[in-house]
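In what follows, a structure is listed as structure tokens, so that the remarks can point back to it.
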There are 2 protein chains.
Amino acid sequence: MTDSKKAVILSSGGIDSTTAMAIAKSEGFEVYSLSFSYGQRHSLELDAARKVATALCARKHLVLDIDLRLIGGSALTDEIDVPKDRDEADMAGDIPVTYVPARNTIFLSYALGWAEVLWANDIFIGVNAVDYSGYPDCRPEFIEAFERMANLATKASVQGSTSISIHTPLIQLTKAQIIQRGSELGIDYGMTLSCYDPTDQGLACGHCDSCLLRRKGFAEAGILDPTNYA
Amino acid sequence: MTDSKKAVILSSGGIDSTTAMAIAKSEGFEVYSLSFSYGQRHSLELDAARKVATALCARKHLVLDIDLRLIGGSALTDEIDVPKDRDEADMAGDIPVTYVPARNTIFLSYALGWAEVLWANDIFIGVNAVDYSGYPDCRPEFIEAFERMANLATKASVQGSTSISIHTPLIQLTKAQIIQRGSELGIDYGMTLSCYDPTDQGLACGHCDSCLLRRKGFAEAGILDPTNYA
């Protein structure tokens, strides 16, 4: 009944999810790419996600339109300024205003629903616990608890037939290690976008937490950063 | 920081969620009603949910527009016929085609996000494990696993300050007991809608699983069924 070779990959068009997708592909999975239009400040990341899905030969690329703005509570969806030029001590401190309440929980829930329809047992998410910006829903214990819940949520779990695995291949890697791994797998990171606050022309700001982590990652990996910064 | 008296209640405009909302209110919670426009076959249940929120003096009633049709896999969102006049043996067997993959997981995830923004610690969901139509995500073990996951998903969980409770006040009640409880709390069930397949005029079909359970519930409770059947 199930096709164990299908995997749903959460894709934001950034470095991490793109690398997770390449790893899924390298492990022999057929890629089903899932992105969200969730009221983020710009749609450039959806353009990037589409390019990535095409470049990595995803079997399908689904964009779900969900509106997290009505719930509110984040600089990524509300009219709150994205912080710029924070040093590492700042980033390591409080959970930043760019945190979107329950975002990964919501995204993984949709991935679970799609996986169930596709008869897929595998979901990939590019979270990592090292350069994770302090988001609670990037921690290994959160992912494990989600997986346990997922295995009680599906039709198959009642019938005792299959089980869902949430893969987090990047969870213990630094940004530099992620970039190294992806480069070995042939990813052109020029098509990805990390910036929280790009210009209208699609240039990365170079100063938000996400840009700072990206720049540092390329520098540490000793790989040329293909990003066009403003 | 937190206001322990706020609760998010998932509301479908049916008997169960309406009773759960009345119970939350009777326990002193300020009610934040959450409904979804998720590509269901009819919008009458959203009308019912709005009436219920008004009648029960919800502080806010939020309708989130999410489209589960793109994921597919259910008679409630796809062009699959809703089964009619099934006997109890049929209902007790396979998971019906009206099952929506990961629906409660997705709904609870949004409730979690909203609760986090509201600084609420309490979420009510009107699932029950007795007349539950065989849905996997109505089982107590699923709810417990969701609660465990939720308590690792939030900002507050990182800061160690609060914990989320998922309340399922109906989980061990039969439909008749639910109707009795709600009637004691003064609910007018005439404003609720259970039918999976109502007429264009808003009349309940009387023959889908949900109508059959509702009719039986009122009969067993010895309470007059206020429903307008076609």
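Starting from 1 in every chain, residues are counted up; chains themselves are A, B, ... following the order of the structure tokens, and ligands are numbered from 1 as listed.
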field: chain B contacts on chain A, only C-alpha atoms, 8 Å, as a ChimeraX atom specification
entry: /A:64-67,70-73,95,101-103,105-106,109-110,112-114,116-117,135-137,141-142,145-146,148-149,152-155,157-158
For the residues selected in the previous step, produce a file with C-alpha atoms as a PDB file, in the first residue's frame.
```
ATOM      1  CA  LEU A  64      -0.401  26.179   0.468  1.00  0.00           C
ATOM      2  CA  ASP A  65      -1.984  29.513   1.125  1.00  0.00           C
ATOM      3  CA  ILE A  66      -2.428  29.936   4.854  1.00  0.00           C
ATOM      4  CA  ASP A  67      -2.670  33.198   6.657  1.00  0.00           C
ATOM      5  CA  LEU A  70      -4.616  36.920  11.577  1.00  0.00           C
ATOM      6  CA  ILE A  71      -2.964  35.188  14.517  1.00  0.00           C
ATOM      7  CA  GLY A  72      -0.173  37.760  14.649  1.00  0.00           C
ATOM      8  CA  GLY A  73       2.741  37.914  17.027  1.00  0.00           C
ATOM      9  CA  ILE A  95      13.811  34.451  21.254  1.00  0.00           C
ATOM     10  CA  PRO A 101       4.181  31.279  16.998  1.00  0.00           C
ATOM     11  CA  ALA A 102       3.754  27.559  16.335  1.00  0.00           C
ATOM     12  CA  ARG A 103       5.044  27.891  12.769  1.00  0.00           C
ATOM     13  CA  THR A 105       4.087  22.821  14.359  1.00  0.00           C
ATOM     14  CA  ILE A 106       1.649  24.116  11.756  1.00  0.00           C
ATOM     15  CA  SER A 109       1.004  19.229  10.535  1.00  0.00           C
ATOM     16  CA  TYR A 110       0.311  20.037   6.896  1.00  0.00           C
ATOM     17  CA  LEU A 112       1.734  15.066   7.855  1.00  0.00           C
ATOM     18  CA  GLY A 113      -1.621  15.502   6.118  1.00  0.00           C
ATOM     19  CA  TRP A 114      -0.007  15.493   2.675  1.00  0.00           C
ATOM     20  CA  GLU A 116      -0.930  10.612   4.600  1.00  0.00           C
ATOM     21  CA  VAL A 117      -2.638  11.342   1.289  1.00  0.00           C
ATOM     22  CA  TYR A 135      13.387  29.126  18.091  1.00  0.00           C
ATOM     23  CA  PRO A 136      11.771  26.559  20.414  1.00  0.00           C
ATOM     24  CA  ASP A 137      10.348  24.524  17.532  1.00  0.00           C
ATOM     25  CA  GLU A 141      13.060  17.280  21.725  1.00  0.00           C
ATOM     26  CA  PHE A 142      10.311  19.170  19.909  1.00  0.00           C
ATOM     27  CA  ALA A 145       7.571  14.822  20.388  1.00  0.00           C
ATOM     28  CA  PHE A 146       6.024  15.789  17.049  1.00  0.00           C
ATOM     29  CA  ARG A 148       5.478  10.567  18.488  1.00  0.00           C
ATOM     30  CA  MET A 149       2.257  12.558  18.106  1.00  0.00           C
ATOM     31  CA  LEU A 152      -0.917   8.498  16.733  1.00  0.00           C
ATOM     32  CA  ALA A 153      -2.588  10.945  14.342  1.00  0.00           C
ATOM     33  CA  THR A 154      -2.945   8.992  11.133  1.00  0.00           C
ATOM     34  CA  LYS A 155      -5.297   6.389   9.728  1.00  0.00           C
ATOM     35  CA  SER A 157      -1.569   4.349  13.055  1.00  0.00           C
ATOM     36  CA  VAL A 158      -5.030   2.969  13.890  1.00  0.00           C
TER      37      VAL A 158
END
```
message: Which of segment 11-207 of chain B end up as strand (DSSP E or B) when DSSP is run on this backbone - answer as number ranges by chain?
response: B: 30-37, 60-66, 84, 122-124, 165-167, 204
